[in-house]
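Engineer: Supplied structure: run36.cif, mmCIF, C-alpha atoms and all ligand atoms.
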```
data_protein
#
loop_
_atom_site.label_atom_id
_atom_site.label_comp_id
_atom_site.auth_asym_id
_atom_site.auth_seq_id
_atom_site.Cartn_x
_atom_site.Cartn_y
_atom_site.Cartn_z
CA MET A 1 11.05 34.62 -134.68
CA ASP A 2 14.51 33.37 -135.19
CA ARG A 3 14.88 31.54 -138.43
CA GLU A 4 17.95 29.38 -138.61
CA PRO A 5 19.74 28.95 -141.93
CA ASN A 6 19.68 25.56 -143.70
CA SER A 7 16.52 24.50 -141.95
CA SER A 8 15.58 20.90 -142.35
CA PHE A 9 11.95 22.06 -142.26
CA ALA A 10 11.96 23.90 -145.54
CA THR A 11 8.94 22.50 -147.27
CA THR A 12 6.90 23.01 -150.35
CA ASP A 13 3.87 21.39 -148.74
CA ASN A 14 3.01 24.52 -146.81
CA ALA A 15 2.58 27.79 -148.67
CA GLY A 16 5.66 28.37 -150.76
CA GLY A 17 7.95 26.23 -152.79
CA HIS A 18 7.95 26.16 -156.55
CA GLU A 19 4.69 27.75 -157.58
CA ASP A 20 4.71 30.54 -154.98
CA GLU A 21 7.79 32.61 -154.48
CA PHE A 22 7.42 32.71 -150.75
CA LYS A 23 7.44 30.35 -147.84
CA VAL A 24 5.61 30.48 -144.51
CA THR A 25 6.18 27.79 -141.89
CA PRO A 26 6.46 28.11 -138.07
CA TRP A 27 10.24 28.21 -138.51
CA GLU A 28 10.84 29.97 -141.78
CA VAL A 29 9.27 32.93 -143.50
CA GLU A 30 10.80 33.97 -146.80
CA GLY A 31 10.01 36.02 -149.87
CA GLU A 32 7.26 38.48 -150.65
CA ILE A 33 4.17 37.00 -149.11
CA ASP A 34 0.86 36.89 -150.94
CA TYR A 35 -1.55 36.83 -148.02
CA ASN A 36 -4.62 36.05 -150.13
CA ARG A 37 -2.84 33.02 -151.48
CA LEU A 38 -2.07 31.97 -147.90
CA ILE A 39 -5.76 32.08 -147.03
CA GLU A 40 -6.36 29.69 -149.91
CA LYS A 41 -3.46 27.40 -149.14
CA PHE A 42 -4.06 27.21 -145.40
CA GLY A 43 -7.83 26.98 -145.84
CA THR A 44 -8.64 29.90 -143.55
CA GLN A 45 -11.27 32.62 -143.95
CA SER A 46 -10.73 36.31 -144.57
CA ILE A 47 -12.02 38.82 -142.06
CA THR A 48 -15.21 40.24 -143.50
CA THR A 49 -16.92 43.57 -142.80
CA GLU A 50 -19.69 41.62 -141.04
CA ILE A 51 -17.18 40.23 -138.58
CA MET A 52 -15.73 43.67 -137.98
CA GLU A 53 -19.22 45.01 -137.37
CA LYS A 54 -19.88 42.19 -134.92
CA VAL A 55 -16.70 43.13 -133.04
CA LYS A 56 -17.80 46.76 -133.06
CA SER A 57 -21.22 45.90 -131.71
CA MET A 58 -19.61 44.02 -128.83
CA THR A 59 -16.66 46.30 -128.01
CA GLY A 60 -17.71 49.71 -129.29
CA GLU A 61 -14.82 49.99 -131.74
CA ILE A 62 -12.79 48.23 -134.39
CA HIS A 63 -9.14 48.04 -133.43
CA PRO A 64 -6.90 49.64 -136.09
CA MET A 65 -5.04 46.34 -136.57
CA LEU A 66 -8.38 44.82 -137.68
CA LYS A 67 -9.58 47.82 -139.61
CA LEU A 68 -6.33 48.21 -141.55
CA GLY A 69 -6.24 44.52 -142.40
CA TYR A 70 -3.18 43.67 -140.31
CA PHE A 71 -5.24 40.87 -138.79
CA PHE A 72 -6.54 39.54 -142.08
CA SER A 73 -7.59 35.92 -141.63
CA HIS A 74 -9.32 33.67 -139.12
CA ARG A 75 -10.88 30.38 -138.26
CA ASP A 76 -14.10 30.43 -136.23
CA PHE A 77 -13.55 33.98 -134.96
CA ASP A 78 -17.25 34.68 -135.63
CA TRP A 79 -18.19 31.45 -133.85
CA ILE A 80 -16.21 32.44 -130.77
CA LEU A 81 -17.80 35.90 -130.71
CA ASP A 82 -21.21 34.20 -130.73
CA LYS A 83 -20.14 31.91 -127.91
CA GLN A 84 -19.03 34.94 -125.91
CA LYS A 85 -22.36 36.63 -126.62
CA SER A 86 -24.25 33.64 -125.32
CA GLY A 87 -22.28 33.66 -122.07
CA GLU A 88 -19.57 31.09 -122.87
CA ASN A 89 -16.56 33.31 -122.28
CA PHE A 90 -13.49 32.48 -124.31
CA TYR A 91 -9.91 32.15 -123.15
CA LEU A 92 -7.09 33.71 -125.12
CA TYR A 93 -3.94 31.75 -125.85
CA THR A 94 -0.75 33.03 -127.44
CA GLY A 95 2.99 32.53 -127.08
CA ARG A 96 6.63 33.07 -127.80
CA GLY A 97 9.60 30.88 -128.69
CA PRO A 98 12.41 32.41 -126.59
CA SER A 99 15.29 32.17 -129.04
CA GLY A 100 16.41 35.78 -128.77
CA MET A 101 15.31 39.21 -127.68
CA VAL A 102 11.84 40.50 -128.54
CA HIS A 103 11.37 42.84 -131.52
CA MET A 104 8.50 45.08 -132.48
CA GLY A 105 7.05 42.47 -134.83
CA HIS A 106 6.46 40.13 -131.89
CA LEU A 107 4.73 42.91 -129.99
CA MET A 108 2.03 43.34 -132.65
CA PRO A 109 0.01 40.16 -131.91
CA TRP A 110 0.57 40.66 -128.19
CA MET A 111 -0.76 44.21 -128.25
CA PHE A 112 -3.79 42.96 -130.12
CA THR A 113 -4.19 40.17 -127.58
CA LYS A 114 -4.14 42.74 -124.78
CA TYR A 115 -6.87 44.69 -126.58
CA LEU A 116 -9.00 41.53 -126.80
CA GLN A 117 -8.34 40.74 -123.15
CA ASP A 118 -9.37 44.25 -122.10
CA LYS A 119 -12.49 44.30 -124.25
CA PHE A 120 -13.73 40.79 -123.51
CA ASN A 121 -12.33 40.49 -119.99
CA SER A 122 -10.71 37.23 -121.06
CA LYS A 123 -8.31 34.98 -119.27
CA LEU A 124 -5.04 34.52 -121.15
CA LEU A 125 -2.56 31.67 -121.28
CA PHE A 126 0.85 32.72 -122.60
CA GLN A 127 3.18 29.87 -123.52
CA LEU A 128 6.97 30.10 -123.77
CA THR A 129 8.23 27.21 -125.87
CA ASP A 130 11.78 27.06 -124.50
CA ASP A 131 11.90 23.37 -125.46
CA GLU A 132 10.99 24.11 -129.09
CA LYS A 133 13.67 26.76 -129.44
CA PHE A 134 16.35 24.59 -127.88
CA LEU A 135 15.46 21.68 -130.12
CA TYR A 136 15.24 23.77 -133.26
CA SER A 137 18.29 25.94 -132.83
CA HIS A 138 21.64 24.75 -134.14
CA ASP A 139 23.70 26.89 -131.84
CA ARG A 140 21.75 27.98 -128.76
CA SER A 141 22.66 26.26 -125.50
CA ARG A 142 20.02 25.52 -122.86
CA LYS A 143 21.56 28.27 -120.77
CA GLU A 144 21.10 30.84 -123.53
CA ILE A 145 17.48 29.80 -124.02
CA GLU A 146 16.91 30.16 -120.25
CA HIS A 147 18.38 33.64 -120.44
CA TYR A 148 16.06 34.66 -123.28
CA THR A 149 13.10 33.08 -121.50
CA ARG A 150 13.69 35.37 -118.51
CA GLU A 151 14.22 38.42 -120.73
CA ASN A 152 11.15 37.69 -122.88
CA ILE A 153 8.92 37.35 -119.82
CA LEU A 154 9.69 40.97 -118.95
CA ASP A 155 8.54 42.01 -122.43
CA ILE A 156 5.36 39.99 -122.14
CA ILE A 157 4.48 41.56 -118.81
CA ALA A 158 5.41 45.03 -120.13
CA VAL A 159 2.72 44.71 -122.82
CA GLY A 160 0.29 45.34 -119.96
CA PHE A 161 -1.75 42.15 -119.70
CA ASN A 162 -4.14 41.93 -116.75
CA PRO A 163 -2.07 40.34 -113.93
CA ASP A 164 -5.15 38.71 -112.42
CA LYS A 165 -6.17 37.06 -115.68
CA THR A 166 -2.89 36.19 -117.37
CA ARG A 167 -0.69 33.20 -116.69
CA ILE A 168 2.62 32.36 -118.32
CA ILE A 169 3.49 28.75 -119.04
CA ILE A 170 7.16 27.88 -119.52
CA ASP A 171 7.23 24.47 -121.14
CA THR A 172 10.14 23.00 -119.19
CA ARG A 173 8.87 24.43 -115.89
CA HIS A 174 5.17 23.61 -116.23
CA ILE A 175 5.44 20.46 -118.30
CA GLN A 176 3.41 18.43 -115.79
CA HIS A 177 0.32 20.45 -116.79
CA LEU A 178 0.91 20.00 -120.51
CA TYR A 179 2.23 16.48 -120.78
CA PRO A 180 -0.97 14.51 -120.06
CA ILE A 181 -2.89 16.47 -122.73
CA ALA A 182 0.07 16.38 -125.11
CA THR A 183 0.19 12.59 -124.99
CA GLU A 184 -3.53 12.40 -125.77
CA ILE A 185 -2.97 14.63 -128.77
CA ALA A 186 0.22 12.88 -129.89
CA LYS A 187 -1.51 9.52 -129.93
CA LYS A 188 -3.95 10.78 -132.56
CA ILE A 189 -1.32 12.11 -134.96
CA THR A 190 0.66 9.90 -137.30
CA PHE A 191 4.17 10.69 -138.48
CA SER A 192 2.81 10.91 -141.99
CA THR A 193 0.41 13.71 -140.96
CA ALA A 194 3.17 15.51 -139.03
CA LYS A 195 5.41 15.35 -142.10
CA ALA A 196 2.71 16.76 -144.32
CA VAL A 197 1.81 19.57 -141.91
CA PHE A 198 5.27 20.57 -140.71
CA GLY A 199 7.57 19.29 -143.43
CA PHE A 200 9.57 17.03 -141.11
CA SER A 201 12.09 14.81 -142.86
CA ASN A 202 14.46 11.98 -142.01
CA SER A 203 17.06 14.48 -140.85
CA THR A 204 14.71 16.24 -138.40
CA ASN A 205 15.69 15.55 -134.82
CA ILE A 206 13.09 13.49 -132.99
CA GLY A 207 12.62 16.17 -130.32
CA MET A 208 11.15 18.46 -132.96
CA ILE A 209 8.97 15.68 -134.34
CA GLY A 210 7.51 15.13 -130.89
CA PHE A 211 7.15 18.81 -130.05
CA PRO A 212 3.91 19.99 -131.80
CA PRO A 213 1.49 18.44 -129.25
CA ILE A 214 3.17 20.55 -126.54
CA GLN A 215 2.21 23.74 -128.38
CA ALA A 216 -1.26 22.31 -128.96
CA ALA A 217 -1.83 21.42 -125.28
CA PRO A 218 -2.72 24.94 -124.00
CA CYS A 219 -5.65 24.94 -126.46
CA PHE A 220 -7.34 22.34 -124.25
CA LEU A 221 -5.92 23.33 -120.86
CA PRO A 222 -8.76 25.82 -120.12
CA SER A 223 -11.30 23.02 -120.57
CA ILE A 224 -9.40 20.88 -118.10
CA ILE A 225 -9.04 23.74 -115.61
CA GLU A 226 -12.72 24.66 -115.82
CA GLY A 227 -14.07 21.12 -116.11
CA ARG A 228 -16.21 21.93 -119.19
CA GLN A 229 -15.60 22.70 -122.87
CA VAL A 230 -14.11 26.19 -123.04
CA PRO A 231 -13.73 28.13 -126.31
CA VAL A 232 -10.17 29.31 -126.96
CA LEU A 233 -9.05 32.05 -129.35
CA ILE A 234 -5.45 32.28 -130.57
CA PRO A 235 -4.18 35.61 -131.88
CA ALA A 236 -0.83 35.16 -133.66
CA ALA A 237 0.85 35.81 -136.99
CA ILE A 238 -0.09 33.27 -139.66
CA ASP A 239 3.23 31.39 -139.44
CA GLN A 240 1.91 29.46 -136.43
CA ASP A 241 -1.08 28.12 -138.34
CA PRO A 242 0.22 24.57 -138.97
CA TYR A 243 0.02 23.94 -135.22
CA TRP A 244 -3.62 24.92 -135.15
CA ARG A 245 -4.56 22.90 -138.22
CA MET A 246 -3.16 19.85 -136.48
CA THR A 247 -4.88 20.72 -133.18
CA ARG A 248 -8.25 21.36 -134.77
CA ASP A 249 -8.02 18.02 -136.49
CA VAL A 250 -7.91 16.12 -133.18
CA ALA A 251 -10.09 18.41 -131.02
CA ASP A 252 -13.44 16.74 -131.71
CA ARG A 253 -12.05 13.29 -131.20
CA LEU A 254 -10.73 14.30 -127.79
CA GLY A 255 -14.00 15.97 -126.78
CA TYR A 256 -12.87 19.60 -126.96
CA TYR A 257 -13.93 22.63 -129.00
CA LYS A 258 -11.67 23.34 -131.95
CA PRO A 259 -9.47 26.32 -131.05
CA ALA A 260 -10.31 29.47 -133.04
CA GLN A 261 -7.64 31.66 -134.60
CA ILE A 262 -7.18 35.20 -135.74
CA HIS A 263 -4.11 35.56 -137.95
CA SER A 264 -1.96 38.60 -138.55
CA LYS A 265 0.44 39.49 -141.31
CA PHE A 266 4.11 40.14 -140.48
CA LEU A 267 5.60 43.45 -139.57
CA PRO A 268 8.25 43.81 -142.26
CA GLY A 269 11.95 44.12 -141.53
CA LEU A 270 13.62 47.41 -142.25
CA GLY A 271 15.66 45.89 -145.07
CA MET A 272 14.01 44.86 -148.33
CA LEU A 273 10.35 43.88 -147.73
CA GLY A 274 10.15 40.62 -145.81
CA LYS A 275 9.32 39.62 -142.27
CA MET A 276 11.15 41.38 -139.44
CA SER A 277 13.50 38.75 -138.07
CA SER A 278 15.79 38.45 -135.07
CA SER A 279 18.25 36.59 -137.25
CA LYS A 280 18.83 39.87 -139.16
CA PRO A 281 19.19 42.16 -136.13
CA GLU A 282 20.09 45.21 -138.18
CA THR A 283 16.64 45.17 -139.78
CA ALA A 284 14.60 44.71 -136.59
CA ILE A 285 13.95 47.09 -133.72
CA PHE A 286 14.28 45.29 -130.42
CA THR A 287 12.74 46.34 -127.13
CA SER A 288 16.27 46.27 -125.72
CA ASP A 289 17.74 48.64 -128.37
CA GLU A 290 19.29 51.92 -127.27
CA PRO A 291 17.89 55.15 -128.78
CA GLU A 292 21.03 55.66 -130.91
CA THR A 293 20.67 52.17 -132.36
CA ILE A 294 17.00 52.78 -133.16
CA GLU A 295 17.89 56.07 -134.80
CA LYS A 296 20.55 54.40 -136.93
CA LYS A 297 18.31 51.49 -137.95
CA SER A 298 15.48 53.85 -138.87
CA LEU A 299 17.60 56.29 -140.83
CA THR A 300 19.33 53.56 -142.82
CA ALA A 301 16.13 51.64 -143.54
CA PHE A 302 15.24 50.51 -147.04
CA THR A 303 12.39 52.59 -148.49
CA GLY A 304 10.09 52.61 -151.49
CA GLY A 305 11.62 55.89 -152.64
CA GLN A 306 13.46 56.80 -155.84
CA ALA A 307 17.24 56.91 -156.09
CA THR A 308 17.47 60.71 -155.97
CA ILE A 309 15.40 63.55 -154.56
CA SER A 310 14.71 64.98 -157.99
CA LEU A 311 13.46 61.60 -159.26
CA GLN A 312 11.33 61.26 -156.14
CA LYS A 313 9.78 64.68 -156.84
CA GLN A 314 9.23 63.76 -160.46
CA LEU A 315 7.97 60.18 -160.15
CA GLY A 316 6.83 59.83 -156.55
CA GLY A 317 7.61 56.90 -154.27
CA ASN A 318 6.08 53.46 -153.76
CA PRO A 319 4.66 53.42 -150.21
CA LEU A 320 3.20 49.93 -150.55
CA GLY A 321 6.69 48.55 -151.16
CA CYS A 322 8.21 50.53 -148.32
CA PRO A 323 8.79 48.96 -144.89
CA VAL A 324 9.03 52.41 -143.29
CA PHE A 325 5.54 53.22 -144.54
CA TRP A 326 4.06 49.99 -143.15
CA TYR A 327 5.86 50.41 -139.88
CA LEU A 328 4.43 53.90 -139.47
CA ARG A 329 0.98 52.80 -140.63
CA TYR A 330 0.68 49.90 -138.22
CA PHE A 331 2.47 51.40 -135.27
CA PHE A 332 2.66 55.17 -135.13
CA ASP A 333 0.37 56.94 -137.63
CA THR A 334 -3.34 57.32 -137.28
CA GLU A 335 -5.28 55.99 -140.27
CA LYS A 336 -5.78 59.54 -141.52
CA GLN A 337 -2.12 60.45 -141.17
CA SER A 338 -1.15 57.26 -142.92
CA ASP A 339 -3.53 57.82 -145.84
CA GLU A 340 -2.18 61.33 -146.23
CA ARG A 341 1.38 60.05 -146.11
CA MET A 342 0.56 57.63 -148.92
CA VAL A 343 -0.89 60.35 -151.15
CA LEU A 344 2.02 62.72 -150.50
CA CYS A 345 4.59 60.01 -151.14
CA LYS A 346 3.01 58.83 -154.39
CA SER A 347 2.76 62.36 -155.70
CA GLY A 348 6.42 63.13 -155.02
CA ASN A 349 5.66 65.59 -152.26
CA LEU A 350 7.20 63.62 -149.43
CA MET A 351 10.84 62.64 -149.19
CA CYS A 352 12.07 59.41 -147.58
CA GLY A 353 14.17 61.33 -145.06
CA GLU A 354 11.04 62.71 -143.47
CA CYS A 355 9.37 59.32 -143.09
CA LYS A 356 12.55 57.76 -141.71
CA GLY A 357 12.80 60.65 -139.26
CA ASP A 358 9.18 60.05 -138.17
CA LEU A 359 9.95 56.38 -137.66
CA ALA A 360 13.07 57.15 -135.61
CA LYS A 361 11.11 59.56 -133.42
CA GLY A 362 8.11 57.25 -132.93
CA ALA A 363 10.17 54.12 -132.29
CA LYS A 364 12.57 55.82 -129.88
CA SER A 365 9.86 57.21 -127.64
CA PHE A 366 7.88 53.97 -127.82
CA ILE A 367 10.86 51.87 -126.75
CA VAL A 368 11.90 54.30 -124.00
CA GLU A 369 8.42 53.98 -122.47
CA PHE A 370 8.33 50.24 -123.03
CA LYS A 371 11.65 49.81 -121.25
CA LYS A 372 10.29 51.55 -118.16
CA ARG A 373 7.43 49.07 -118.01
CA ARG A 374 9.87 46.24 -118.68
CA GLN A 375 11.95 47.26 -115.69
CA LYS A 376 8.91 47.36 -113.40
CA ALA A 377 7.95 43.90 -114.62
CA GLU A 378 10.95 42.44 -112.75
CA ASN A 379 8.96 42.70 -109.50
CA VAL A 380 5.90 40.78 -110.64
CA VAL A 381 7.29 37.86 -112.63
CA GLU A 382 6.21 35.20 -110.14
CA LYS A 383 2.67 36.57 -110.00
CA PHE A 384 2.33 35.82 -113.71
CA MET A 385 3.52 32.22 -113.48
CA PHE A 386 0.98 29.51 -114.24
CA ASP A 387 -0.77 27.84 -111.35
CA ALA A 388 -3.66 25.59 -112.36
CA LYS A 389 -5.47 26.13 -109.07
CA GLU A 390 -5.92 29.87 -109.40
CA MET A 391 -6.88 30.38 -113.05
P1 LIG B 1 7.70 33.24 -132.11
O1 LIG B 1 8.55 33.49 -130.93
O2 LIG B 1 8.36 32.90 -133.40
O3 LIG B 1 6.79 34.49 -132.36
C1 LIG B 1 6.01 35.06 -131.32
C2 LIG B 1 4.77 35.69 -131.91
O4 LIG B 1 5.12 36.74 -132.82
C3 LIG B 1 4.60 36.47 -134.12
N1 LIG B 1 5.61 37.04 -135.03
C4 LIG B 1 5.40 38.16 -135.74
N2 LIG B 1 4.33 38.93 -135.83
C5 LIG B 1 4.43 40.00 -136.65
N3 LIG B 1 5.54 40.33 -137.34
C6 LIG B 1 6.65 39.58 -137.27
N4 LIG B 1 7.71 39.92 -137.96
C7 LIG B 1 6.61 38.41 -136.42
N5 LIG B 1 7.49 37.45 -136.10
C8 LIG B 1 6.87 36.63 -135.25
C9 LIG B 1 4.38 34.97 -134.16
O5 LIG B 1 3.38 34.60 -135.07
C10 LIG B 1 3.94 34.71 -132.73
O6 LIG B 1 2.58 35.04 -132.58
N6 LIG B 1 6.16 28.49 -131.52
C11 LIG B 1 5.85 29.89 -131.21
C12 LIG B 1 5.56 30.13 -129.72
C13 LIG B 1 4.14 29.80 -129.33
C14 LIG B 1 2.96 30.46 -129.81
C15 LIG B 1 1.88 29.82 -129.15
C16 LIG B 1 2.78 31.53 -130.69
C17 LIG B 1 3.73 28.84 -128.46
N7 LIG B 1 2.36 28.84 -128.33
C18 LIG B 1 0.57 30.27 -129.38
C19 LIG B 1 1.50 31.95 -130.92
C20 LIG B 1 0.40 31.32 -130.28
C21 LIG B 1 7.00 30.77 -131.63
O7 LIG B 1 8.11 30.34 -131.74
O8 LIG B 1 6.64 32.11 -131.77
#
```
Could you write out this file's structure as structure tokens?
Structural biologist:
Amino acid sequence: MDREPNSSFATTDNAGGHEDEFKVTPWEVEGEIDYNRLIEKFGTQSITTEIMEKVKSMTGEIHPMLKLGYFFSHRDFDWILDKQKSGENFYLYTGRGPSGMVHMGHLMPWMFTKYLQDKFNSKLLFQLTDDEKFLYSHDRSRKEIEHYTRENILDIIAVGFNPDKTRIIIDTRHIQHLYPIATEIAKKITFSTAKAVFGFSNSTNIGMIGFPPIQAAPCFLPSIIEGRQVPVLIPAAIDQDPYWRMTRDVADRLGYYKPAQIHSKFLPGLGMLGKMSSSKPETAIFTSDEPETIEKKSLTAFTGGQATISLQKQLGGNPLGCPVFWYLRYFFDTEKQSDERMVLCKSGNLMCGECKGDLAKGAKSFIVEFKKRRQKAENVVEKFMFDAKEM
């Protein structure tokens, strides 16, 4: 996500503001996030062991991102699993705001979405909100947004989604499919609600004020395509939740199922703990980065280690406050390796240099492979484009 400075959407109505020292909105994520507090504030549910067991009984495994608590919160995830069990197959819906190149944080929910698609054989709608990013950005021209839209599509395809079951919607290109539903949604939402949910103010441009129903529209598109109520599950980081709160609020009244969500945490940036962000490129690893750049970013990353090697040996490090640790845990280590790394670090038997080296190695080979798939994606872009007739 690109977060622009001096946002007019900074709000204390969402999580954050005075009482909490963090902020999470679709456009801004700041501070050290207390995810349990977010569950309370956003009114979502935590993922219980029963839910994980249900997933296991249906798919044969629990994905590490679920097991390790990276996906930590949901709305109606259990309901949608029951629907699937009873033969009402769900669609997946996720997206990207193409304001820059894609970094590894963005890939996390998409990789999880691919896992869900593979396991449940689901159809997937993938929205690119080029309109949102143009309207929100202070300095991106339409041309730049078009450029990032094309680049981001290659990343999306490179994740490995099923080409027969995945369709990409670009808002400005496919608006005719979204607009009729968006107007139905928009008509049910007052400005006062939009202000409370999104923190809009008098200085917000009116394009942004009118935008949310466009991101809500793909929640109902499957029902329109299939001509019956279709359950939809949205995997995304929790920053997108305000959109879904608004959408769920109008779903019943429009005769659709409420969309279900499964929310992830954020992959931290490699600076001080905080969300990885494209607006601080030195702290994010992009899918377009060269190996030398990845090496440099990894080796200069902030860690939870002590100031000197002898202090580290004496006192041990703080893996839970270390972005390198989390990066390795979520992306490259197995659970066992990660648990061992934690013990070694805490006891002063592991130096930061080693972890940073492991990150450099893992991230370089991951991105090299990813780039190959990205290049191949060039040939199949049109196949992935949305066409209502063939979903
Ligand atoms: P965008 O482009 O900000 O983010 C794309 C997806 O990546 C997630 N994300 C992250 N996940 C983990 N760690 C991070 N550091 C990180 N940064 C971003 C976001 O939650 C999102 O899932 N308005 C949306 C585009 C959109 C969308 C959707 C997203 C349209 N329809 C449906 C999710 C689901 C946006 O700008 O996402």
Engineer: Just how far from atom C8 of ligand LIG 1 (chain B) is CA of Met385 in chain A, in Å to one decimal?
Structural biologist: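 Separation of CA of Met385 in chain A and atom C8 of ligand LIG 1 (chain B): 22.5 Å.
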Engineer: How would you write, as JSON, numbers by chain, the set of residues no farther than 9 Å from ligand LIG 1 (chain B) when counting only C-alpha atoms and all ligand atoms?
Structural biologist: {"A": [1, 2, 3, 26, 27, 29, 93, 94, 95, 96, 97, 98, 99, 100, 102, 103, 104, 105, 106, 107, 108, 109, 110, 125, 126, 127, 128, 129, 130, 132, 133, 212, 214, 215, 216, 218, 219, 234, 235, 236, 237, 238, 239, 240, 241, 243, 244, 263, 264, 265, 266, 267, 268, 269, 274, 275, 276, 277, 278, 284]}
Engineer: Kindly indicate which residue among A:Ser46, A:Thr287, A:Asn318, A:Ser86 lies nearest to Arg373 in chain A, using all atoms listed in the file for the distances.
Structural biologist: A:Thr287
Engineer: Which distance in Å separates CA of Gly271 in chain A and CA of Lys41 in chain A, to one decimal?
Structural biologist: 26.9 Å
Engineer: Show me, as a PyMOL selection string, the residues that have an atom within 8 Å of Ile285 in chain A when counting all atoms listed in the file, minus same-chain residues fewer than 3 positions from it.
Structural biologist: chain A and resi 103-104+281-282+289+294+297
Engineer: List as a list of chain:residue names: which residues have an atom within 12 Å of (-5.2, 27.6, -109.6), counting all atoms listed in the file?
Structural biologist: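 Selection result: A:Asp164, A:Lys165, A:Thr166, A:Arg167, A:His177, A:Pro222, A:Ile224, A:Ile225, A:Glu226, A:Lys383, A:Phe384, A:Met385, A:Phe386, A:Asp387, A:Ala388, A:Lys389, A:Glu390, A:Met391.
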Engineer: Using C-alpha atoms, can you export the residues from the last selection as an mmCIF file, in the frame of the given file?
Structural biologist:
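Now in again28.cif:
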```
data_model
loop_
_atom_site.group_PDB
_atom_site.id
_atom_site.type_symbol
_atom_site.label_atom_id
_atom_site.label_comp_id
_atom_site.auth_asym_id
_atom_site.auth_seq_id
_atom_site.Cartn_x
_atom_site.Cartn_y
_atom_site.Cartn_z
ATOM 1 C CA ASP A 164 -5.150 38.710 -112.420
ATOM 2 C CA LYS A 165 -6.170 37.060 -115.680
ATOM 3 C CA THR A 166 -2.890 36.190 -117.370
ATOM 4 C CA ARG A 167 -0.690 33.200 -116.690
ATOM 5 C CA HIS A 177 0.320 20.450 -116.790
ATOM 6 C CA PRO A 222 -8.760 25.820 -120.120
ATOM 7 C CA ILE A 224 -9.400 20.880 -118.100
ATOM 8 C CA ILE A 225 -9.040 23.740 -115.610
ATOM 9 C CA GLU A 226 -12.720 24.660 -115.820
ATOM 10 C CA LYS A 383 2.670 36.570 -110.000
ATOM 11 C CA PHE A 384 2.330 35.820 -113.710
ATOM 12 C CA MET A 385 3.520 32.220 -113.480
ATOM 13 C CA PHE A 386 0.980 29.510 -114.240
ATOM 14 C CA ASP A 387 -0.770 27.840 -111.350
ATOM 15 C CA ALA A 388 -3.660 25.590 -112.360
ATOM 16 C CA LYS A 389 -5.470 26.130 -109.070
ATOM 17 C CA GLU A 390 -5.920 29.870 -109.400
ATOM 18 C CA MET A 391 -6.880 30.380 -113.050
#
```
Engineer: Which protein, DNA or RNA residues are at most 9 Å from (12.3, 50.7, -130.0) in the file's coordinates when you count only C-alpha atoms, listed as a PDB file with C-alpha atoms, in the frame of the given file?
Structural biologist:
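After the write, out_26.pdb holds the following:
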```pdb
ATOM      1  CA  HIS A 103      11.370  42.840-131.520  1.00  0.00           C
ATOM      2  CA  MET A 104       8.500  45.080-132.480  1.00  0.00           C
ATOM      3  CA  ILE A 285      13.950  47.090-133.720  1.00  0.00           C
ATOM      4  CA  PHE A 286      14.280  45.290-130.420  1.00  0.00           C
ATOM      5  CA  THR A 287      12.740  46.340-127.130  1.00  0.00           C
ATOM      6  CA  SER A 288      16.270  46.270-125.720  1.00  0.00           C
ATOM      7  CA  ASP A 289      17.740  48.640-128.370  1.00  0.00           C
ATOM      8  CA  GLU A 290      19.290  51.920-127.270  1.00  0.00           C
ATOM      9  CA  PRO A 291      17.890  55.150-128.780  1.00  0.00           C
ATOM     10  CA  THR A 293      20.670  52.170-132.360  1.00  0.00           C
ATOM     11  CA  ILE A 294      17.000  52.780-133.160  1.00  0.00           C
ATOM     12  CA  ALA A 360      13.070  57.150-135.610  1.00  0.00           C
ATOM     13  CA  GLY A 362       8.110  57.250-132.930  1.00  0.00           C
ATOM     14  CA  ALA A 363      10.170  54.120-132.290  1.00  0.00           C
ATOM     15  CA  LYS A 364      12.570  55.820-129.880  1.00  0.00           C
ATOM     16  CA  SER A 365       9.860  57.210-127.640  1.00  0.00           C
ATOM     17  CA  PHE A 366       7.880  53.970-127.820  1.00  0.00           C
ATOM     18  CA  ILE A 367      10.860  51.870-126.750  1.00  0.00           C
ATOM     19  CA  VAL A 368      11.900  54.300-124.000  1.00  0.00           C
ATOM     20  CA  PHE A 370       8.330  50.240-123.030  1.00  0.00           C
ATOM     21  CA  LYS A 371      11.650  49.810-121.250  1.00  0.00           C
TER      22      LYS A 371
END
```
Engineer: Give me, as a VMD selection string, all polymer residues having an atom no more than 7 Å from Met52 in chain A, counting all atoms listed in the file and skipping those fewer than 4 positions away in the same chain.
Structural biologist: chain A and resid 48 56 62
Engineer: Just how far from CA of Asp358 in chain A is CA of Tyr330 in chain A, in Å to one decimal?
Structural biologist: 13.2 Å
